[in-house]
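Asker: Right, I'll just put the structure down here and ask away after.
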Amino acid sequence: MLKIIISPAKKMNVRNDILSYKNIPFFINEAQILFSYMKNMSLEELKNLWKCSDKLVQENEQQLRTGNLKQNLSPAILSYEGIQYKYMAPAVFEEQAFIWLEKHLRILSGFYGVLCPFDGVIPYRLEMQARFHTEKINNLYDFWGQKLADYILKDCDCLINLASKEYSKSVLKYIPKNVQVITCVFGEIIDGKIKEKGTYAKMARGSLVRYMAEHQIENPEEMKQFDELGYKYKEEYSDNTKWIFCK
């Protein structure tokens, strides 16, 4: 089975006005451990953990103090509000596209580990590269270890990597030999080299997920027909593990 991994977004909101969540995240116990650790941290410790402005620290601390991992939940796919998710535009999907997403798409998360699209979440702030600097938890890559890959790759023979390096490396280091990995790169050819620009790449990743869901893609070869936002697949720059789409 084909599976796709994508990154989360920093900006989140509660969105249970369109569709309800279906399941509690698989790694809810691990998330509860991280949640409890953060709740016991001082404002200064949270600032060092989150590495964001004082305003954002105060906003996220308030969410942390009043939040509950089992209340006021909304589907993960609708809760993230970054560029990638805006171009994916899941709020306007038809039912068949949602069914495809739930089967094939997995969202990596420093806090929840891995999320299926309709797992119930609350707004949180915790990037995968964050460091706790405690005896029990230092960095999240060690905290999560191989369990994220094991969960995602069950019944998977082809993994489409649309996640950033920060998130994808939590999975890619544990790939077994029987699983094909295809990393999609969206860039421009400048002086004979592929240059990827962050914002445009996020837009393209979201558009590709939408394209795959709408076309119910099961064979990765069908991805090569993607031609939105001016991008086209370039065979001459691609190989078995890296597929290049250029403007």
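Note on naming: chains are A, B, ... as they come in the structure tokens, residues start from 1 per chain, ligands start from 1 in the order shown.
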Which residues are close to Ile189 (chain A), i.e. within 10 Å by only C-alpha atoms, leaving aside same-chain residues fewer than 2 positions away? Reply as a PyMOL selection string.
Answerer: chain A and resi 187+191-196+237+245-247
Asker: Can you list every residue in region 32-236 of chain A that DSSP puts in strand (DSSP E), as a ChimeraX atom specification?
Answerer: /A:74-75,105-109,113-115,120-121,158-161,180-190,193-195,232-233
Asker: From the options A:Glu222, A:Asp150, A:Asp142, A:Asp119, which residue's atoms come nearest to Leu78 (chain A), counting only C-alpha atoms?
Answerer: A:Asp119
Asker: Using only C-alpha atoms, which residues sit within 12 Å of His133 (chain A) once same-chain residues fewer than 3 positions away are excluded, as a list in words?
Answerer: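 Non-adjacent residues within range: Tyr37, Met41, Glu45, Leu46, Asn48, Leu49, Ala130, Lys136, Ile137, Asn138, Asn139, Leu140, Asp142 and Phe143 of chain A.
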Asker: Just list the residues in region 74-195 of chain A DSSP gives helix (DSSP H, G or I) on the backbone, as a PyMOL selection string.
Answerer: chain A and resi 76-79+83-88+90-92+95-104+140-144+147-152+165-172
Asker: Find the spatial neighbours of region 166-172 of chain A, counting only C-alpha atoms, within a cut-off of 8 Å - ignore same-chain residues fewer than 4 positions away - and output them as a PDB file with all heavy atoms, in the first residue's frame.
Answerer:
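Output file out12.pdb follows:
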ATOM      1  N   ILE A   5       3.787  10.767   3.889  1.00  0.00           N
ATOM      2  CA  ILE A   5       4.054  11.493   5.131  1.00  0.00           C
ATOM      3  C   ILE A   5       4.213  12.982   4.820  1.00  0.00           C
ATOM      4  O   ILE A   5       4.840  13.353   3.831  1.00  0.00           O
ATOM      5  CB  ILE A   5       5.298  10.964   5.882  1.00  0.00           C
ATOM      6  CG1 ILE A   5       6.540  10.934   4.978  1.00  0.00           C
ATOM      7  CG2 ILE A   5       5.025   9.594   6.486  1.00  0.00           C
ATOM      8  CD1 ILE A   5       7.835  10.609   5.722  1.00  0.00           C
ATOM      9  N   ILE A   6       3.595  13.805   5.662  1.00  0.00           N
ATOM     10  CA  ILE A   6       3.730  15.254   5.552  1.00  0.00           C
ATOM     11  C   ILE A   6       4.042  15.832   6.926  1.00  0.00           C
ATOM     12  O   ILE A   6       3.849  15.179   7.955  1.00  0.00           O
ATOM     13  CB  ILE A   6       2.455  15.920   4.982  1.00  0.00           C
ATOM     14  CG1 ILE A   6       1.252  15.681   5.910  1.00  0.00           C
ATOM     15  CG2 ILE A   6       2.150  15.405   3.581  1.00  0.00           C
ATOM     16  CD1 ILE A   6       0.011  16.459   5.503  1.00  0.00           C
ATOM     17  N   SER A   7       4.512  17.062   6.927  1.00  0.00           N
ATOM     18  CA  SER A   7       4.790  17.770   8.174  1.00  0.00           C
ATOM     19  C   SER A   7       3.519  18.413   8.713  1.00  0.00           C
ATOM     20  O   SER A   7       2.570  18.660   7.959  1.00  0.00           O
ATOM     21  CB  SER A   7       5.838  18.863   7.947  1.00  0.00           C
ATOM     22  OG  SER A   7       7.021  18.343   7.381  1.00  0.00           O
ATOM     23  N   LEU A 108       3.131  13.718  10.451  1.00  0.00           N
ATOM     24  CA  LEU A 108       4.122  13.570  11.507  1.00  0.00           C
ATOM     25  C   LEU A 108       3.974  14.723  12.505  1.00  0.00           C
ATOM     26  O   LEU A 108       3.649  15.843  12.134  1.00  0.00           O
ATOM     27  CB  LEU A 108       5.532  13.564  10.916  1.00  0.00           C
ATOM     28  CG  LEU A 108       5.812  12.457   9.902  1.00  0.00           C
ATOM     29  CD1 LEU A 108       7.217  12.607   9.319  1.00  0.00           C
ATOM     30  CD2 LEU A 108       5.647  11.087  10.547  1.00  0.00           C
ATOM     31  N   SER A 109       4.232  14.435  13.768  1.00  0.00           N
ATOM     32  CA  SER A 109       4.042  15.441  14.816  1.00  0.00           C
ATOM     33  C   SER A 109       5.013  15.210  15.950  1.00  0.00           C
ATOM     34  O   SER A 109       5.159  14.082  16.432  1.00  0.00           O
ATOM     35  CB  SER A 109       2.595  15.371  15.340  1.00  0.00           C
ATOM     36  OG  SER A 109       2.460  16.066  16.559  1.00  0.00           O
ATOM     37  N   MET A 128       9.476  18.979  16.113  1.00  0.00           N
ATOM     38  CA  MET A 128      10.206  17.728  16.267  1.00  0.00           C
ATOM     39  C   MET A 128      11.641  17.949  16.740  1.00  0.00           C
ATOM     40  O   MET A 128      12.211  17.103  17.429  1.00  0.00           O
ATOM     41  CB  MET A 128      10.202  16.943  14.947  1.00  0.00           C
ATOM     42  CG  MET A 128      10.770  15.543  15.045  1.00  0.00           C
ATOM     43  SD  MET A 128       9.808  14.420  16.086  1.00  0.00           S
ATOM     44  CE  MET A 128       8.503  13.916  14.964  1.00  0.00           C
ATOM     45  N   GLN A 129      12.227  19.075  16.394  1.00  0.00           N
ATOM     46  CA  GLN A 129      13.621  19.328  16.790  1.00  0.00           C
ATOM     47  C   GLN A 129      13.741  19.959  18.174  1.00  0.00           C
ATOM     48  O   GLN A 129      14.847  20.282  18.624  1.00  0.00           O
ATOM     49  CB  GLN A 129      14.302  20.212  15.758  1.00  0.00           C
ATOM     50  CG  GLN A 129      13.648  21.569  15.555  1.00  0.00           C
ATOM     51  CD  GLN A 129      14.208  22.308  14.354  1.00  0.00           C
ATOM     52  OE1 GLN A 129      15.049  21.782  13.640  1.00  0.00           O
ATOM     53  NE2 GLN A 129      13.744  23.525  14.141  1.00  0.00           N
ATOM     54  N   TYR A 141      13.527  12.964  18.818  1.00  0.00           N
ATOM     55  CA  TYR A 141      13.915  11.866  17.930  1.00  0.00           C
ATOM     56  C   TYR A 141      14.194  10.611  18.750  1.00  0.00           C
ATOM     57  O   TYR A 141      13.798   9.505  18.362  1.00  0.00           O
ATOM     58  CB  TYR A 141      15.145  12.253  17.109  1.00  0.00           C
ATOM     59  CG  TYR A 141      14.889  13.400  16.164  1.00  0.00           C
ATOM     60  CD1 TYR A 141      15.425  14.667  16.402  1.00  0.00           C
ATOM     61  CD2 TYR A 141      14.103  13.232  15.021  1.00  0.00           C
ATOM     62  CE1 TYR A 141      15.192  15.733  15.538  1.00  0.00           C
ATOM     63  CE2 TYR A 141      13.862  14.283  14.159  1.00  0.00           C
ATOM     64  CZ  TYR A 141      14.405  15.535  14.425  1.00  0.00           C
ATOM     65  OH  TYR A 141      14.159  16.578  13.577  1.00  0.00           O
ATOM     66  N   TRP A 144      10.740   9.321  20.404  1.00  0.00           N
ATOM     67  CA  TRP A 144       9.864   8.554  19.513  1.00  0.00           C
ATOM     68  C   TRP A 144      10.554   7.325  18.937  1.00  0.00           C
ATOM     69  O   TRP A 144       9.912   6.294  18.704  1.00  0.00           O
ATOM     70  CB  TRP A 144       9.351   9.440  18.375  1.00  0.00           C
ATOM     71  CG  TRP A 144       8.365  10.472  18.838  1.00  0.00           C
ATOM     72  CD1 TRP A 144       8.524  11.822  18.847  1.00  0.00           C
ATOM     73  CD2 TRP A 144       7.061  10.219  19.373  1.00  0.00           C
ATOM     74  NE1 TRP A 144       7.408  12.439  19.343  1.00  0.00           N
ATOM     75  CE2 TRP A 144       6.484  11.475  19.676  1.00  0.00           C
ATOM     76  CE3 TRP A 144       6.317   9.062  19.616  1.00  0.00           C
ATOM     77  CZ2 TRP A 144       5.211  11.600  20.210  1.00  0.00           C
ATOM     78  CZ3 TRP A 144       5.043   9.177  20.158  1.00  0.00           C
ATOM     79  CH2 TRP A 144       4.505  10.433  20.447  1.00  0.00           C
ATOM     80  N   GLY A 145      11.871   7.408  18.699  1.00  0.00           N
ATOM     81  CA  GLY A 145      12.604   6.250  18.204  1.00  0.00           C
ATOM     82  C   GLY A 145      12.016   5.662  16.935  1.00  0.00           C
ATOM     83  O   GLY A 145      11.585   6.383  16.036  1.00  0.00           O
ATOM     84  N   GLN A 146      11.953   4.332  16.881  1.00  0.00           N
ATOM     85  CA  GLN A 146      11.516   3.621  15.674  1.00  0.00           C
ATOM     86  C   GLN A 146      10.001   3.433  15.605  1.00  0.00           C
ATOM     87  O   GLN A 146       9.460   3.027  14.575  1.00  0.00           O
ATOM     88  CB  GLN A 146      12.207   2.254  15.616  1.00  0.00           C
ATOM     89  CG  GLN A 146      12.018   1.518  14.299  1.00  0.00           C
ATOM     90  CD  GLN A 146      12.857   0.254  14.218  1.00  0.00           C
ATOM     91  OE1 GLN A 146      13.872   0.121  14.896  1.00  0.00           O
ATOM     92  NE2 GLN A 146      12.421  -0.687  13.389  1.00  0.00           N
ATOM     93  N   LEU A 148       7.460   5.364  15.271  1.00  0.00           N
ATOM     94  CA  LEU A 148       6.709   6.095  14.249  1.00  0.00           C
ATOM     95  C   LEU A 148       6.789   5.369  12.906  1.00  0.00           C
ATOM     96  O   LEU A 148       5.789   5.194  12.218  1.00  0.00           O
ATOM     97  CB  LEU A 148       7.231   7.526  14.103  1.00  0.00           C
ATOM     98  CG  LEU A 148       7.278   8.383  15.369  1.00  0.00           C
ATOM     99  CD1 LEU A 148       7.636   9.821  15.013  1.00  0.00           C
ATOM    100  CD2 LEU A 148       5.953   8.313  16.124  1.00  0.00           C
ATOM    101  N   ALA A 149       7.994   4.963  12.552  1.00  0.00           N
ATOM    102  CA  ALA A 149       8.190   4.226  11.295  1.00  0.00           C
ATOM    103  C   ALA A 149       7.432   2.902  11.320  1.00  0.00           C
ATOM    104  O   ALA A 149       6.784   2.527  10.333  1.00  0.00           O
ATOM    105  CB  ALA A 149       9.677   3.986  11.053  1.00  0.00           C
ATOM    106  N   ASN A 161       7.442  10.644   0.436  1.00  0.00           N
ATOM    107  CA  ASN A 161       7.921  11.600   1.430  1.00  0.00           C
ATOM    108  C   ASN A 161       7.678  13.036   0.970  1.00  0.00           C
ATOM    109  O   ASN A 161       8.354  13.537   0.077  1.00  0.00           O
ATOM    110  CB  ASN A 161       9.415  11.369   1.689  1.00  0.00           C
ATOM    111  CG  ASN A 161      10.011  12.427   2.604  1.00  0.00           C
ATOM    112  OD1 ASN A 161       9.316  12.998   3.447  1.00  0.00           O
ATOM    113  ND2 ASN A 161      11.296  12.677   2.459  1.00  0.00           N
TER     114      ASN A 161
END
Asker: Could you name the residues that touch Gln96 (chain A) at 12 Å or less, counting only C-alpha atoms, but leaving out those on the same chain fewer than 5 positions away, as a list in words?
Answerer: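 Near neighbours after the sequence-gap exclusion: Pro90, Leu101, Glu102, Lys103, Arg210, Met212, Ala213, Glu214, His215, Gln216 and Ile217 of chain A.
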Asker: Do a neighbour search on Arg65 (chain A) at 8 Å with only C-alpha atoms, toss out local chain neighbours closer than 3 positions, and write the hits as a ChimeraX atom specification.
Answerer: /A:39,61-62
Asker: Write out as JSON lines a residue-level contact list of region 45-86 of chain A versus region 8-16 of chain A with cut-off 9 Å: for each qualifying residue the closest pair of atoms and the distance in Å to one decimal, counting only C-alpha atoms, rows sorted by chain and residue number upward.
Answerer:
{"residue": "A:Asn72", "atom": "CA", "partner": "A:Val14", "partner_atom": "CA", "distance": 7.7}
{"residue": "A:Leu73", "atom": "CA", "partner": "A:Val14", "partner_atom": "CA", "distance": 7.1}
{"residue": "A:Ser74", "atom": "CA", "partner": "A:Asn16", "partner_atom": "CA", "distance": 4.8}
{"residue": "A:Pro75", "atom": "CA", "partner": "A:Asn16", "partner_atom": "CA", "distance": 7.0}
{"residue": "A:Ala76", "atom": "CA", "partner": "A:Arg15", "partner_atom": "CA", "distance": 8.8}
{"residue": "A:Leu78", "atom": "CA", "partner": "A:Arg15", "partner_atom": "CA", "distance": 6.1}
{"residue": "A:Ser79", "atom": "CA", "partner": "A:Asn13", "partner_atom": "CA", "distance": 5.2}
{"residue": "A:Tyr80", "atom": "CA", "partner": "A:Met12", "partner_atom": "CA", "distance": 4.6}
{"residue": "A:Glu81", "atom": "CA", "partner": "A:Lys11", "partner_atom": "CA", "distance": 5.4}
{"residue": "A:Gly82", "atom": "CA", "partner": "A:Ala9", "partner_atom": "CA", "distance": 5.0}
{"residue": "A:Ile83", "atom": "CA", "partner": "A:Ala9", "partner_atom": "CA", "distance": 8.1}
{"residue": "A:Gln84", "atom": "CA", "partner": "A:Ala9", "partner_atom": "CA", "distance": 8.0}
{"residue": "A:Tyr85", "atom": "CA", "partner": "A:Ala9", "partner_atom": "CA", "distance": 8.0}
Asker: Pick from A:Cys184, A:Leu229, A:Ala163, A:Val179: nearest to Leu105 (chain A), with only C-alpha atoms counted?
Answerer: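 Under the stated criterion, the closest residue is A:Ala163.
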Asker: Compare A:Ile28, A:Met203, A:Ala89, A:Leu126 by their minimum atom-to-atom distance to Lys70 (chain A), counting only C-alpha atoms, and give me the closest one.
Answerer: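 Among the listed residues, A:Ile28 lies closest to Lys70 (chain A).
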Asker: Find the residue from A:Ile182, A:Met88, A:Ile175, A:Ile99 that sits nearest to Ser207 (chain A); use only C-alpha atoms when measuring.
Answerer: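 Closest to Ser207 (chain A) of all the choices is A:Met88.
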Asker: Considering only C-alpha atoms, can you say which of A:Ala91, A:Ala204, A:Ile244, A:Ile160 comes closest to Ile77 (chain A)?
Answerer: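 Nearest to Ile77 (chain A): A:Ala91.
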Asker: Tell me, in Å to one decimal, how far CA of Arg106 (chain A) is from CA of Phe27 (chain A).
Answerer: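 Spanning CA of Arg106 (chain A) to CA of Phe27 (chain A) is a straight-line distance of 13.0 Å.
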